[in-house]
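Participant: See structure.txt below, with compact mmCIF, C-alpha atoms.
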```
# COMPACT_ATOMS: atom_id res chain seq x y z
CA GLN V 1 6.91 18.74 11.28
CA VAL V 2 6.32 15.38 9.68
CA GLN V 3 6.86 15.19 5.93
CA LEU V 4 6.48 12.35 3.46
CA VAL V 5 7.65 13.17 -0.04
CA GLU V 6 7.05 10.78 -2.92
CA SER V 7 9.12 10.77 -6.09
CA GLY V 8 9.81 8.61 -9.11
CA GLY V 9 6.50 8.79 -10.89
CA GLY V 10 6.17 9.48 -14.58
CA LEU V 11 4.79 8.43 -17.95
CA VAL V 12 5.85 4.97 -19.08
CA GLN V 13 4.74 2.32 -21.52
CA ALA V 14 2.96 -0.85 -20.50
CA GLY V 15 5.32 -3.65 -19.57
CA THR V 16 8.02 -1.39 -18.23
CA SER V 17 9.07 -0.59 -14.66
CA LEU V 18 9.19 2.31 -12.24
CA ARG V 19 10.58 2.68 -8.75
CA LEU V 20 8.83 5.05 -6.41
CA SER V 21 10.52 6.49 -3.36
CA CYS V 22 9.04 8.10 -0.27
CA ALA V 23 11.46 10.09 1.83
CA THR V 24 10.31 10.92 5.33
CA SER V 25 11.37 13.43 7.94
CA GLY V 26 10.14 14.60 11.31
CA LEU V 27 9.20 11.14 12.57
CA THR V 28 11.04 8.14 13.94
CA PHE V 29 10.78 6.19 10.72
CA SER V 30 11.76 2.82 12.16
CA MET V 31 8.80 2.98 14.56
CA TYR V 32 6.19 3.13 11.77
CA GLU V 33 4.81 0.56 9.42
CA MET V 34 4.68 2.05 5.94
CA GLY V 35 2.19 1.69 3.14
CA TRP V 36 1.54 2.65 -0.45
CA PHE V 37 -1.88 3.55 -1.77
CA ARG V 38 -3.13 4.77 -5.12
CA GLN V 39 -6.07 6.69 -6.50
CA ALA V 40 -7.12 6.53 -10.11
CA PRO V 41 -9.30 9.22 -11.70
CA GLY V 42 -12.91 8.84 -10.60
CA LYS V 43 -12.10 6.04 -8.18
CA GLU V 44 -11.56 5.75 -4.46
CA ARG V 45 -8.11 5.48 -2.98
CA GLU V 46 -7.04 1.86 -2.68
CA PHE V 47 -4.43 -0.07 -0.75
CA VAL V 48 -1.39 -1.23 -2.71
CA ALA V 49 1.22 -2.55 -0.26
CA ASP V 50 2.39 -2.41 3.34
CA ILE V 51 5.62 -3.23 5.14
CA VAL V 52 6.30 -3.72 8.83
CA ARG V 53 8.89 -1.74 10.76
CA SER V 54 11.64 -4.33 10.40
CA GLY V 55 10.89 -4.96 6.75
CA ASP V 56 10.47 -8.67 7.42
CA ASN V 57 6.79 -8.85 6.44
CA THR V 58 4.92 -7.32 3.55
CA TRP V 59 1.35 -7.36 2.21
CA TYR V 60 0.02 -6.60 -1.26
CA ALA V 61 -3.25 -6.00 -3.00
CA ASP V 62 -4.15 -8.91 -5.25
CA SER V 63 -4.00 -6.62 -8.27
CA VAL V 64 -0.27 -5.96 -7.81
CA LYS V 65 0.93 -9.17 -6.17
CA GLY V 66 3.88 -10.64 -8.06
CA ARG V 67 4.53 -7.39 -9.93
CA PHE V 68 5.17 -4.81 -7.19
CA THR V 69 7.66 -5.00 -4.32
CA ILE V 70 7.65 -2.77 -1.26
CA SER V 71 10.88 -2.28 0.67
CA ARG V 72 12.36 0.14 3.16
CA ASP V 73 15.70 1.50 4.27
CA ASN V 74 15.47 2.54 7.90
CA ALA V 75 18.89 4.16 7.73
CA LYS V 76 17.63 6.47 4.98
CA ASN V 77 14.11 6.95 6.40
CA THR V 78 12.76 5.93 3.01
CA VAL V 79 10.25 3.43 1.69
CA TYR V 80 10.23 2.21 -1.92
CA LEU V 81 7.79 0.65 -4.32
CA GLN V 82 9.31 -1.25 -7.22
CA MET V 83 6.69 -1.62 -9.92
CA ASN V 84 7.33 -4.10 -12.73
CA SER V 85 5.23 -5.20 -15.68
CA LEU V 86 3.16 -2.05 -15.45
CA LYS V 87 -0.32 -2.05 -16.92
CA PRO V 88 -2.55 0.84 -18.03
CA GLU V 89 -4.82 0.06 -15.07
CA ASP V 90 -1.92 0.93 -12.75
CA THR V 91 -2.33 4.56 -13.79
CA ALA V 92 -3.01 6.58 -10.63
CA VAL V 93 -1.60 9.00 -8.12
CA TYR V 94 0.50 6.97 -5.69
CA TYR V 95 0.72 7.95 -2.04
CA CYS V 96 2.89 6.71 0.78
CA ALA V 97 1.64 6.68 4.34
CA ALA V 98 3.01 5.99 7.81
CA ARG V 99 0.99 3.64 10.00
CA GLU V 100 0.90 3.66 13.77
CA LYS V 101 -0.80 0.50 15.02
CA TYR V 102 -3.98 0.24 12.92
CA ALA V 103 -4.27 3.74 11.46
CA TYR V 104 -2.30 5.47 8.75
CA LYS V 105 -1.38 8.67 10.52
CA TYR V 106 0.73 10.59 8.02
CA TRP V 107 0.38 10.89 4.25
CA GLY V 108 2.44 12.25 1.41
CA GLN V 109 1.20 14.49 -1.39
CA GLY V 110 1.41 11.80 -4.05
CA THR V 111 3.22 11.18 -7.31
CA GLN V 112 1.55 10.59 -10.66
CA VAL V 113 2.11 7.33 -12.50
CA THR V 114 0.73 7.07 -16.02
CA VAL V 115 1.03 3.86 -18.01
CA SER V 116 0.29 4.04 -21.71
CA SER V 117 -0.81 1.04 -23.74
```
I need this file expressed as structure tokens, please.
Facilitator:
Amino acid sequence: QVQLVESGGGLVQAGTSLRLSCATSGLTFSMYEMGWFRQAPGKEREFVADIVRSGDNTWYADSVKGRFTISRDNAKNTVYLQMNSLKPEDTAVYYCAAREKYAYKYWGQGTQVTVSS
């Protein structure tokens, strides 16, 4: 059974940092591209960042570019999202997902990030 479990969310003040982790099991992690998404209250889920299998290439939403960094450890079957200079508009539930070719096939349950002003 495939599982993606996010952790590291919490309540923080604007300008501070958080590091999210997504531990996976039940899949060959190194064979999947990995992504982070988020969903704020009353809004649709949106793309945040993506990383290829080797970790050599990454992509970011314009809203987080320069502040967030996605990385992965294939030995630990884990993907990370380092979030710096957090803003209140970053408040959302953050989800990790495993992508096979062009579709995100597996999703985690999400972790709440709340940024106070």
Participant: Quick one: of V:Lys76, V:Lys43, V:Arg19, V:Arg38, who's nearest to V:Cys96, counting only C-alpha atoms?
Facilitator: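 Among the listed residues, V:Arg38 lies closest to V:Cys96.
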Participant: Which is closest to V:Thr24 among V:Arg67, V:Gln3, V:Asn84, V:Thr58, if we use only C-alpha atoms?
Facilitator: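 Ranked by minimum distance to V:Thr24, first place goes to V:Gln3.
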Participant: Taking (0.2, 8.8, -16.7) in the file's coordinates, which residues come within 8 Å, counting only C-alpha atoms, written as a ChimeraX atom specification?
Facilitator: /V:10-12,91-92,112-116
Participant: Closest to V:Val5 among V:Ala97, V:Leu18, V:Ala49, V:Met34, using only C-alpha atoms?
Facilitator: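 Distance minimum relative to V:Val5 lands on V:Ala97.
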Participant: Compare V:Ser71, V:Ser85, V:Thr16, V:Thr78 by their minimum atom-to-atom distance to V:Leu4, counting only C-alpha atoms, and give me the closest one.
Facilitator: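 Checking each of V:Ser71, V:Ser85, V:Thr16, V:Thr78 against V:Leu4, counting only C-alpha atoms, the winner is V:Thr78.
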Participant: Pick from V:Leu27, V:Val64, V:Cys22, V:Ala14: nearest to V:Glu46, with only C-alpha atoms counted?
Facilitator: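 For V:Glu46, the nearest of the candidates is V:Val64.
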Participant: Which one is closest to V:Tyr102: V:Glu44, V:Val2, V:Val52, V:Gly8? Count all atoms listed in the file.
Facilitator: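 Closest candidate: V:Val52.
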Participant: How many Å lie between atom CA of V:Tyr104 and atom CA of V:Gly66, rounded to one decimal?
Facilitator: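 Separation of atom CA of V:Tyr104 and atom CA of V:Gly66: 24.1 Å.
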Participant: Rounded to one decimal, what separation in Å do you get between atom CA of V:Gly110 and atom CA of V:Asp73?
Facilitator: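 We find that atom CA of V:Gly110 and atom CA of V:Asp73 lie 19.5 Å from each other.
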Participant: So what do you get for atom CA of V:Met83 versus atom CA of V:Arg99, distance-wise?
Facilitator: 21.4 Å
